[in-house]
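Since the structure comes first, as structure tokens, the remarks are kept for the end.
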Amino acid sequence: MDKRNTSSEEVSGKKIGASFGLIVVVAASLFFLVGNSGEADTKAPTPVKDKLVVGASTTPHAEILEEAKPLLKEKGYDLEIKVFQDFVLPNKALAEKELDANYFQHIPYLEKEIEDKHYDFANAGAIHLEKMAFYSKSVKKLDDIKDGATVLVSNSQTDWGRVITMLQDAKLIKVKEGTDLVTATFDDIAENPKNLTFKYDIDPAIMTTAYQNNEGDLIAINANFAENIGLNPEKDGVIIESNNSPYANVIATRTKDKDDKRVKALIDVLHSKEIKEFINKKWNGTISVVD
């Protein structure tokens with residue numbers, strides 16, 4: 001037997017054994033590290049990053065939502081606001097699931113949209129009332145209204161009952177017995193002692209232009225549009241909507257999302273003391289908070 005060969009084989013065997021042992025140790029160490037790493041990841045808190053996408057009119061809705069954004073963030077939700085300039089697209093976008101909710105319309109408008117367009121929507125909560133008023137460049141008080149005066153109202157049919165209620169409360173007209181004032185139209189007027197002439201074919205967004213051009217004796221303007229030209233219903237209105245009006249602006253959602261935790265969190269924030277104080281301070285009575 002060759003002793004050199006035997007010795008060489010023994011040395012080689014020892015090296016292989018040592019290498020194998022090292023591999024086992026390294027593998028065990030990696031297993032231990034990976035196992036601990038996994039355990040640490042499991043225990044690490046994962047921040048909530050849920051997002052709520054809400055469509056809104058520029059004023060006051062989007063402004064209110066901007067104020068609410070950090071408060072909603074504290075509840076764990078990111079708020080994305082998409083601004084719309086009309087009254088048609090926000091509901092269309094909600095129906096097409098481009099939005100989680102919208103905030104631009106009052107209750108009668110929402111109900112009519114559901115009836116006419118068969119939207120599967122729900123009122124998730126009332127937030128505020130924007131006081132409508134009749135403004136005029138020529139009339140300062142009710143006694144100044146002349147026989148045959150022209151009254152301009154927008155073509156938004158859901159506001160007709162609203163302005164008819166205001167005119168009846170001011171004793172300028174009287175509707176037929178049994179008329180539902182929310183759905184009343186100008187055909188429901190039974191008495192018109194001052195022979196007022198009604199025009200109701202103007203887009204809501206250009207009622208302020210009609211006022212600035214003095215196109216009527218009394219012009220009904222929504223608060224959000226009136227504010228854009230510096231009009232305040234309490235200070236400048238000839239006839240002002242009452243505080244118990246049913247025309248509160250609401251958060252609307254698809255019906256199945258009405259109880260979504262993100263939506264409920266937004267409603268809570270919009271009813272918070274901070275938002276109420278913001279609305280009262282910024283709009284000084286033009287907008288009333290709904291509890």
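If you're wondering about the labels, chains in the structure tokens are A, B, ... by order shown, residues count from 1 in each chain, ligands from 1 in order shown.
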
- Test item, helix (DSSP H, G or I) assignment across range 44-227 of chain A, answer as JSON, numbers by chain: {"A": [58, 59, 60, 61, 62, 63, 64, 65, 66, 67, 68, 69, 70, 71, 72, 73, 74, 89, 90, 91, 92, 93, 94, 95, 107, 108, 109, 110, 111, 112, 113, 114, 115, 116, 117, 142, 143, 144, 157, 158, 159, 160, 161, 162, 163, 164, 165, 166, 167, 168, 169, 181, 182, 183, 186, 187, 188, 204, 205, 206, 207, 208, 209, 210, 211, 212, 223, 224, 225, 226, 227]}

- Task: Assign secondary structure with DSSP using the backbone only, and return the residues of range 178-213 of chain A in strand (DSSP E) as a VMD selection string.
- Result: chain A and resid 189 to 191 197 to 202

Output N, CA and C atoms for every residue in that selection, as a PDB file, in the first residue's frame.
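So selection18.pdb came out as:
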ATOM      1  N   ILE A 189     -99.390  77.560  -9.613  1.00  0.00           N
ATOM      2  CA  ILE A 189     -99.710  78.853  -8.995  1.00  0.00           C
ATOM      3  C   ILE A 189    -101.178  79.185  -9.244  1.00  0.00           C
ATOM      4  N   ALA A 190    -101.941  79.382  -8.164  1.00  0.00           N
ATOM      5  CA  ALA A 190    -103.377  79.673  -8.269  1.00  0.00           C
ATOM      6  C   ALA A 190    -103.651  81.172  -8.184  1.00  0.00           C
ATOM      7  N   GLU A 191    -102.851  81.872  -7.398  1.00  0.00           N
ATOM      8  CA  GLU A 191    -103.061  83.318  -7.233  1.00  0.00           C
ATOM      9  C   GLU A 191    -101.749  84.061  -7.450  1.00  0.00           C
ATOM     10  N   THR A 197     -94.371  88.071 -13.938  1.00  0.00           N
ATOM     11  CA  THR A 197     -94.026  87.314 -15.134  1.00  0.00           C
ATOM     12  C   THR A 197     -92.841  86.423 -14.819  1.00  0.00           C
ATOM     13  N   PHE A 198     -92.992  85.112 -15.024  1.00  0.00           N
ATOM     14  CA  PHE A 198     -91.934  84.161 -14.665  1.00  0.00           C
ATOM     15  C   PHE A 198     -91.190  83.682 -15.906  1.00  0.00           C
ATOM     16  N   LYS A 199     -89.866  83.719 -15.822  1.00  0.00           N
ATOM     17  CA  LYS A 199     -89.005  83.157 -16.858  1.00  0.00           C
ATOM     18  C   LYS A 199     -88.089  82.147 -16.188  1.00  0.00           C
ATOM     19  N   TYR A 200     -88.089  80.930 -16.683  1.00  0.00           N
ATOM     20  CA  TYR A 200     -87.326  79.871 -16.018  1.00  0.00           C
ATOM     21  C   TYR A 200     -86.604  78.990 -17.036  1.00  0.00           C
ATOM     22  N   ASP A 201     -85.845  79.631 -17.913  1.00  0.00           N
ATOM     23  CA  ASP A 201     -85.133  78.899 -18.964  1.00  0.00           C
ATOM     24  C   ASP A 201     -83.625  79.193 -18.980  1.00  0.00           C
ATOM     25  N   ILE A 202     -83.104  79.697 -17.863  1.00  0.00           N
ATOM     26  CA  ILE A 202     -81.693  80.097 -17.809  1.00  0.00           C
ATOM     27  C   ILE A 202     -80.889  79.076 -17.013  1.00  0.00           C
TER      28      ILE A 202
END

- All residues 9 Å or closer to range 226-228 of chain A, only C-alpha atoms, same chain fewer than 3 positions away omitted, as a VMD selection string: chain A and resid 59 132 to 133 207 to 208 221 to 223 231 to 233 283 286

For the residues in the current selection, export N, CA, C and O atoms as a PDB file, in the first residue's frame.
ATOM      1  N   THR A  59     -67.272  75.625  -5.177  1.00  0.00           N
ATOM      2  CA  THR A  59     -67.628  76.369  -3.970  1.00  0.00           C
ATOM      3  C   THR A  59     -69.059  76.029  -3.569  1.00  0.00           C
ATOM      4  O   THR A  59     -69.953  76.065  -4.407  1.00  0.00           O
ATOM      5  N   MET A 132     -80.720  79.989  -0.692  1.00  0.00           N
ATOM      6  CA  MET A 132     -81.060  80.665  -1.934  1.00  0.00           C
ATOM      7  C   MET A 132     -81.725  81.998  -1.591  1.00  0.00           C
ATOM      8  O   MET A 132     -82.338  82.147  -0.534  1.00  0.00           O
ATOM      9  N   ALA A 133     -81.597  82.950  -2.503  1.00  0.00           N
ATOM     10  CA  ALA A 133     -82.251  84.241  -2.290  1.00  0.00           C
ATOM     11  C   ALA A 133     -82.608  84.851  -3.638  1.00  0.00           C
ATOM     12  O   ALA A 133     -82.035  84.496  -4.673  1.00  0.00           O
ATOM     13  N   MET A 207     -77.068  82.720 -13.923  1.00  0.00           N
ATOM     14  CA  MET A 207     -78.027  83.596 -13.242  1.00  0.00           C
ATOM     15  C   MET A 207     -77.351  84.848 -12.704  1.00  0.00           C
ATOM     16  O   MET A 207     -77.950  85.924 -12.657  1.00  0.00           O
ATOM     17  N   THR A 208     -76.084  84.708 -12.319  1.00  0.00           N
ATOM     18  CA  THR A 208     -75.346  85.879 -11.821  1.00  0.00           C
ATOM     19  C   THR A 208     -75.126  86.892 -12.948  1.00  0.00           C
ATOM     20  O   THR A 208     -75.152  88.107 -12.709  1.00  0.00           O
ATOM     21  N   ILE A 221     -80.902  83.178  -7.175  1.00  0.00           N
ATOM     22  CA  ILE A 221     -79.529  82.698  -7.375  1.00  0.00           C
ATOM     23  C   ILE A 221     -79.126  81.792  -6.221  1.00  0.00           C
ATOM     24  O   ILE A 221     -79.303  82.137  -5.050  1.00  0.00           O
ATOM     25  N   ASN A 222     -78.576  80.614  -6.561  1.00  0.00           N
ATOM     26  CA  ASN A 222     -78.045  79.704  -5.545  1.00  0.00           C
ATOM     27  C   ASN A 222     -76.864  80.354  -4.830  1.00  0.00           C
ATOM     28  O   ASN A 222     -76.095  81.116  -5.425  1.00  0.00           O
ATOM     29  N   ALA A 223     -76.680  79.988  -3.566  1.00  0.00           N
ATOM     30  CA  ALA A 223     -75.658  80.625  -2.734  1.00  0.00           C
ATOM     31  C   ALA A 223     -74.256  80.473  -3.295  1.00  0.00           C
ATOM     32  O   ALA A 223     -73.445  81.396  -3.225  1.00  0.00           O
ATOM     33  N   LEU A 231     -72.183  88.332  -3.442  1.00  0.00           N
ATOM     34  CA  LEU A 231     -73.518  88.516  -2.874  1.00  0.00           C
ATOM     35  C   LEU A 231     -73.714  87.606  -1.671  1.00  0.00           C
ATOM     36  O   LEU A 231     -73.326  86.445  -1.690  1.00  0.00           O
ATOM     37  N   ASN A 232     -74.332  88.153  -0.634  1.00  0.00           N
ATOM     38  CA  ASN A 232     -74.642  87.400   0.579  1.00  0.00           C
ATOM     39  C   ASN A 232     -76.153  87.436   0.785  1.00  0.00           C
ATOM     40  O   ASN A 232     -76.738  88.525   0.825  1.00  0.00           O
ATOM     41  N   PRO A 233     -76.817  86.286   0.887  1.00  0.00           N
ATOM     42  CA  PRO A 233     -78.284  86.293   0.999  1.00  0.00           C
ATOM     43  C   PRO A 233     -78.797  87.101   2.181  1.00  0.00           C
ATOM     44  O   PRO A 233     -79.806  87.805   2.062  1.00  0.00           O
ATOM     45  N   TRP A 283     -68.293  81.628   5.729  1.00  0.00           N
ATOM     46  CA  TRP A 283     -69.451  82.055   4.954  1.00  0.00           C
ATOM     47  C   TRP A 283     -70.448  82.900   5.742  1.00  0.00           C
ATOM     48  O   TRP A 283     -71.405  83.413   5.159  1.00  0.00           O
ATOM     49  N   THR A 286     -74.210  82.538   5.119  1.00  0.00           N
ATOM     50  CA  THR A 286     -74.637  82.180   3.761  1.00  0.00           C
ATOM     51  C   THR A 286     -74.911  80.690   3.698  1.00  0.00           C
ATOM     52  O   THR A 286     -75.802  80.233   2.987  1.00  0.00           O
TER      53      THR A 286
END

- Non-local contacts of Ser136 in chain A (10 Å; only C-alpha atoms; under 4 positions in same chain excluded) as a ChimeraX atom specification: /A:140-141,151,211-212,214-220,236-239

Could you write out the selected residues, including N, CA, C and O atoms, as a PDB file, in the first residue's frame?
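Now in selection.pdb:
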ATOM      1  N   LYS A 140     -85.363  96.952  -3.524  1.00  0.00           N
ATOM      2  CA  LYS A 140     -84.662  96.868  -2.237  1.00  0.00           C
ATOM      3  C   LYS A 140     -85.489  96.162  -1.172  1.00  0.00           C
ATOM      4  O   LYS A 140     -84.956  95.565  -0.253  1.00  0.00           O
ATOM      5  N   LYS A 141     -86.820  96.238  -1.300  1.00  0.00           N
ATOM      6  CA  LYS A 141     -87.709  95.570  -0.342  1.00  0.00           C
ATOM      7  C   LYS A 141     -88.970  95.136  -1.069  1.00  0.00           C
ATOM      8  O   LYS A 141     -89.246  95.577  -2.192  1.00  0.00           O
ATOM      9  N   VAL A 151     -89.705  87.926 -12.955  1.00  0.00           N
ATOM     10  CA  VAL A 151     -89.006  87.061 -12.000  1.00  0.00           C
ATOM     11  C   VAL A 151     -88.221  86.011 -12.787  1.00  0.00           C
ATOM     12  O   VAL A 151     -88.807  85.238 -13.555  1.00  0.00           O
ATOM     13  N   TYR A 211     -78.232  88.805 -13.374  1.00  0.00           N
ATOM     14  CA  TYR A 211     -78.325  89.814 -12.309  1.00  0.00           C
ATOM     15  C   TYR A 211     -77.451  91.028 -12.631  1.00  0.00           C
ATOM     16  O   TYR A 211     -77.903  92.182 -12.534  1.00  0.00           O
ATOM     17  N   GLN A 212     -76.210  90.773 -13.011  1.00  0.00           N
ATOM     18  CA  GLN A 212     -75.291  91.867 -13.313  1.00  0.00           C
ATOM     19  C   GLN A 212     -75.767  92.718 -14.485  1.00  0.00           C
ATOM     20  O   GLN A 212     -75.500  93.921 -14.535  1.00  0.00           O
ATOM     21  N   ASN A 214     -78.907  93.197 -15.091  1.00  0.00           N
ATOM     22  CA  ASN A 214     -80.209  93.723 -14.678  1.00  0.00           C
ATOM     23  C   ASN A 214     -81.324  93.263 -15.630  1.00  0.00           C
ATOM     24  O   ASN A 214     -82.155  94.058 -16.086  1.00  0.00           O
ATOM     25  N   GLU A 215     -81.361  91.951 -15.886  1.00  0.00           N
ATOM     26  CA  GLU A 215     -82.312  91.407 -16.847  1.00  0.00           C
ATOM     27  C   GLU A 215     -83.669  91.082 -16.242  1.00  0.00           C
ATOM     28  O   GLU A 215     -84.599  90.681 -16.966  1.00  0.00           O
ATOM     29  N   GLY A 216     -83.815  91.218 -14.932  1.00  0.00           N
ATOM     30  CA  GLY A 216     -85.100  90.949 -14.280  1.00  0.00           C
ATOM     31  C   GLY A 216     -85.230  91.768 -13.017  1.00  0.00           C
ATOM     32  O   GLY A 216     -84.251  92.327 -12.498  1.00  0.00           O
ATOM     33  N   ASP A 217     -86.456  91.838 -12.511  1.00  0.00           N
ATOM     34  CA  ASP A 217     -86.697  92.598 -11.278  1.00  0.00           C
ATOM     35  C   ASP A 217     -86.318  91.783 -10.045  1.00  0.00           C
ATOM     36  O   ASP A 217     -85.833  92.332  -9.048  1.00  0.00           O
ATOM     37  N   LEU A 218     -86.556  90.472 -10.102  1.00  0.00           N
ATOM     38  CA  LEU A 218     -86.161  89.555  -9.038  1.00  0.00           C
ATOM     39  C   LEU A 218     -85.459  88.372  -9.690  1.00  0.00           C
ATOM     40  O   LEU A 218     -85.999  87.766 -10.622  1.00  0.00           O
ATOM     41  N   ILE A 219     -84.283  88.044  -9.199  1.00  0.00           N
ATOM     42  CA  ILE A 219     -83.499  86.966  -9.801  1.00  0.00           C
ATOM     43  C   ILE A 219     -83.077  85.988  -8.714  1.00  0.00           C
ATOM     44  O   ILE A 219     -82.381  86.363  -7.764  1.00  0.00           O
ATOM     45  N   ALA A 220     -83.506  84.726  -8.852  1.00  0.00           N
ATOM     46  CA  ALA A 220     -83.191  83.696  -7.859  1.00  0.00           C
ATOM     47  C   ALA A 220     -81.810  83.107  -8.157  1.00  0.00           C
ATOM     48  O   ALA A 220     -81.575  82.598  -9.261  1.00  0.00           O
ATOM     49  N   ASP A 236     -77.838  90.910   1.160  1.00  0.00           N
ATOM     50  CA  ASP A 236     -78.220  91.460  -0.140  1.00  0.00           C
ATOM     51  C   ASP A 236     -79.532  90.922  -0.689  1.00  0.00           C
ATOM     52  O   ASP A 236     -80.063  91.467  -1.662  1.00  0.00           O
ATOM     53  N   GLY A 237     -80.054  89.851  -0.103  1.00  0.00           N
ATOM     54  CA  GLY A 237     -81.261  89.246  -0.647  1.00  0.00           C
ATOM     55  C   GLY A 237     -82.517  90.040  -0.355  1.00  0.00           C
ATOM     56  O   GLY A 237     -82.676  90.598   0.733  1.00  0.00           O
ATOM     57  N   VAL A 238     -83.410  90.095  -1.331  1.00  0.00           N
ATOM     58  CA  VAL A 238     -84.718  90.727  -1.143  1.00  0.00           C
ATOM     59  C   VAL A 238     -85.672  89.724  -0.497  1.00  0.00           C
ATOM     60  O   VAL A 238     -86.458  90.069   0.398  1.00  0.00           O
ATOM     61  N   ILE A 239     -85.611  88.474  -0.959  1.00  0.00           N
ATOM     62  CA  ILE A 239     -86.370  87.368  -0.360  1.00  0.00           C
ATOM     63  C   ILE A 239     -85.359  86.273  -0.052  1.00  0.00           C
ATOM     64  O   ILE A 239     -84.598  85.863  -0.931  1.00  0.00           O
TER      65      ILE A 239
END

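Nearest to Lys82 in chain A of all the residues A:Pro70, A:Pro60, A:Gly55, A:Gly230 is A:Gly55, counting only C-alpha atoms.
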